[in-house]
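For reference, the structure discussed in these notes is given below.
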Amino acid sequence: MSDAIKNEIRAFIVENFLFGDDTAPLADDQSLIASDLVDSTGILEMVTFLEERFGIVMADAEIVPANLDSIARIDAFVIRKRETAETTAG
Amino acid sequence: MGEIRALRQSDVATVAALFQRILRKTSAPATPALEAYLTRLFLEGPEQDSEIHSHVHIRDDGSVSGFLGVLPLPLMMGERPVRGALCGTFMVDNHADDPFAGARLMRAFLSGPQDISLTETANDISTTMWRRLRATVLPEHSLEWLRVIRPAGFITEMAANVVGAARLLAPLARPADALIRRGAPEPRWSSLAAAIAEGTLASHDLDDESAAHLFTRFVSHFAVRPSWREENLRRMVEESRHKATFGAMVRRMVTTRDGKPVGMFLYYGDPGRIGRVLQILAAPGRAGEVIDAMLAHANERGMVALRGRAQPALLEAMLGRRFAFVHASSSIVHARDPALIEPFLAGKAFFNGFAGESWSRLIGDRF
């Protein structure tokens, strides 16, 4: 499950921020900000993608590097949000 | 991680310093006058709404690192009141080092209680951010127009914007313009005839109270229009007088021969300069005559050109009168309900100028 999410996030980043160039490896824990892959417009694009693709709603306070600065962090955040949503719904 | 919260009085000094450094690109310190105006505009502004407010981004150490100024803009859509909010000043300190600050400010604004969010003159970065949040750029509102009146004087002014000493050539430009403007057939895009065309409607100076009255009257036919409270519109009209860097204000009502008002125009600029038009308003079907009256006035005043922000309702009349258009910044709208955006795309919404941020002293005044 997590690998599937992670792969989708990676594909989104490659497509939108690397313009389809996947020749350079993108590590799960690589900082997207420090690598200059994502700027403020990219963050908003990422947030919109996560909300629309994974059906989550991101609060303003959740738009922080701890949740969005690497593929691993984004993956963990999406899983947490979905689990929380399921617990609330259940 | 920082936080986003509503602007407070205690933030204003830092916001003023950011404004000087980031938007005015000067190392001069912010003056008390600028701080006072930021307070007046964003904490005591017209049409205050307890739920729609400006936002600041606070660093972990408690310092302010970003600001998004919001002006509530109550609108009417037909007979339905609509809550609008206008994003004006938007700036982030060390934007590249903390891209989350700008993203969070923008999200916080667009997540507000307003039905419709607007910005009048977004730069390229802001435009991209709005687009990422599924906002709609309004092409016809996003154009700047230019009408050259005296071509030699216009070129001199353009050169003077780069090298101030070029203005010394202005005395040479005048005879050149007199020659160019003599005899060439009308209409032409490169100049305006020296003689005022027969039939051009008269225009008369307009006081604040009459201007506010005519504003309300001439926006009433738009499907989406501001529903300013009278005292707030009067305040905006009064404040709009002060744009020292743009030059003197010219505000005039256009009337028919029997004295009936059919429109008004408001521009800034001293003779020999390029005038900046803040607003043109016209009764339905009278846009062309109002524009002709404005050009005639600018011609007689000695302006070398006029420039301004496009309005869909004026485009057709402008095209026939040899105006030039260029895209410089974007007017953008965002709403959760797509039906609210349709009148803007259809050119049936009154937006820009006084239904925007351009009327405020932050744009064009000295502090």
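As shown in the structure tokens, the chain order sets the letters A, B, ...; within each chain, residues go from 1, and ligands are also counted from 1 in the order they appear.
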
Arg134 (chain B) environment, 12 Å, only C-alpha atoms, sequence neighbours closer than 2 positions dropped, as a PyMOL selection string
(chain A and resi 44-45+47-49+52) or (chain B and resi 107+110+117+127-132+136-137+332-338+341)

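Contacts from chain B to chain A at a cut-off of 8 Å (only C-alpha atoms) map to Met1, Glu3, Ile4, Ala96, Pro99, Phe100, Ala101, Gly102, Ala103, Arg104, Arg107, Ala108, Ile125, Thr128, Met129, Arg132 and Leu133 of chain B.
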
Take the residues that were just selected and, keeping C-alpha atoms, output them as a PDB file, in the first residue's frame.
```pdb
ATOM      1  CA  MET B   1       7.407  25.395  11.736  1.00  0.00           C
ATOM      2  CA  GLU B   3       2.390  29.906  12.063  1.00  0.00           C
ATOM      3  CA  ILE B   4      -0.156  31.950  10.158  1.00  0.00           C
ATOM      4  CA  ALA B  96      13.562  31.113  -1.545  1.00  0.00           C
ATOM      5  CA  PRO B  99       8.902  28.538   0.394  1.00  0.00           C
ATOM      6  CA  PHE B 100       6.343  27.241   2.875  1.00  0.00           C
ATOM      7  CA  ALA B 101       5.600  30.745   4.188  1.00  0.00           C
ATOM      8  CA  GLY B 102       4.190  32.066   0.911  1.00  0.00           C
ATOM      9  CA  ALA B 103       2.331  28.831   0.204  1.00  0.00           C
ATOM     10  CA  ARG B 104       0.714  28.866   3.634  1.00  0.00           C
ATOM     11  CA  ARG B 107      -3.737  28.879   1.325  1.00  0.00           C
ATOM     12  CA  ALA B 108      -4.855  30.662   4.490  1.00  0.00           C
ATOM     13  CA  ILE B 125       5.042  34.042  -9.065  1.00  0.00           C
ATOM     14  CA  THR B 128       1.417  30.641 -10.612  1.00  0.00           C
ATOM     15  CA  MET B 129       0.487  30.186  -6.950  1.00  0.00           C
ATOM     16  CA  ARG B 132      -1.985  25.962  -8.461  1.00  0.00           C
ATOM     17  CA  LEU B 133      -4.947  26.561  -6.184  1.00  0.00           C
TER      18      LEU B 133
END
```

Legend entry - DSSP strand (DSSP E) selection over region 3-228 of chain B, as an MDAnalysis selection string: chainID B and resid 3:6 55:58 64:77 80:92 116:122 136:137 143:148 202:205 224:226

Exercise for review: If you run DSSP over the backbone, which residues in chain A end up helix (DSSP H, G or I)? Put them as a ChimeraX atom specification.
Suggested key: /A:2-17,40-54,60-62,65-68,71-89

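CA of Gly84 (chain B) sits 7.4 Å away from CA of Leu118 (chain B).
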
Need to verify the contact set: Val290 (chain B), 10 Å, only C-alpha atoms, exclusion of same-chain residues closer than 2 positions in sequence. Can you return it as a ChimeraX atom specification? /B:200-203,253-255,261-265,280-283,285-288,292-296,314,317

- Long-range neighbours of region 210-212 of chain B as an MDAnalysis selection string, 8 Å cut-off, only C-alpha atoms, 6 positions minimum in chain: chainID B and resid 230 233:234 237

Output all heavy atoms for every residue in the selection just made, as a compact mmCIF listing (two decimals), in the first residue's frame.
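File written: result_20.txt
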```txt
# COMPACT_ATOMS: atom_id res chain seq x y z
N GLU B 230 -21.78 53.89 1.61
CA GLU B 230 -21.56 55.25 1.12
C GLU B 230 -20.34 55.92 1.76
O GLU B 230 -19.49 56.51 1.08
CB GLU B 230 -22.81 56.08 1.40
CG GLU B 230 -22.91 57.33 0.58
CD GLU B 230 -24.21 58.07 0.86
OE1 GLU B 230 -25.24 57.41 1.08
OE2 GLU B 230 -24.17 59.32 0.89
N LEU B 233 -17.06 54.36 0.48
CA LEU B 233 -16.71 54.76 -0.88
C LEU B 233 -16.16 56.19 -0.87
O LEU B 233 -15.18 56.50 -1.54
CB LEU B 233 -17.93 54.65 -1.80
CG LEU B 233 -17.70 55.08 -3.25
CD1 LEU B 233 -16.56 54.30 -3.88
CD2 LEU B 233 -18.97 54.93 -4.06
N ARG B 234 -16.78 57.05 -0.07
CA ARG B 234 -16.30 58.44 0.02
C ARG B 234 -14.86 58.48 0.55
O ARG B 234 -14.02 59.24 0.09
CB ARG B 234 -17.21 59.27 0.90
CG ARG B 234 -18.37 59.90 0.13
CD ARG B 234 -18.82 61.21 0.76
NE ARG B 234 -19.19 61.01 2.14
CZ ARG B 234 -20.40 60.68 2.56
NH1 ARG B 234 -21.36 60.51 1.68
NH2 ARG B 234 -20.66 60.52 3.84
N VAL B 237 -12.58 57.37 -2.25
CA VAL B 237 -12.47 58.45 -3.24
C VAL B 237 -11.52 59.53 -2.73
O VAL B 237 -10.66 60.03 -3.48
CB VAL B 237 -13.88 59.03 -3.53
CG1 VAL B 237 -13.77 60.36 -4.26
CG2 VAL B 237 -14.69 58.04 -4.36
```

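Proximity to region 6-22 of chain A at 7 Å, evaluated using only C-alpha atoms and with sequence-adjacent residues fewer than 3 positions away removed, yields Ser2, Asp3, Pro25, Leu37, Val38, Ile71 and Asp75 of chain A.
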
Practice prompt. Pick out the residues sitting within 12 Å of His221 (chain B), and hand them over as a ChimeraX atom specification; count only C-alpha atoms, and ignore anything fewer than 2 positions along from it in its own chain.
Written response: /B:76-79,215-219,223-226,281-285,313,348-350

- Item | Contacts of region 38-44 of chain B at 9 Å (only C-alpha atoms; same-chain gap of 6+ positions) as a PyMOL selection string | chain B and resi 7-9+12+15-16+53-54+69-71+360+362

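The space between CA of Arg80 (chain B) and CA of Ala122 (chain B) spans 27.6 Å.
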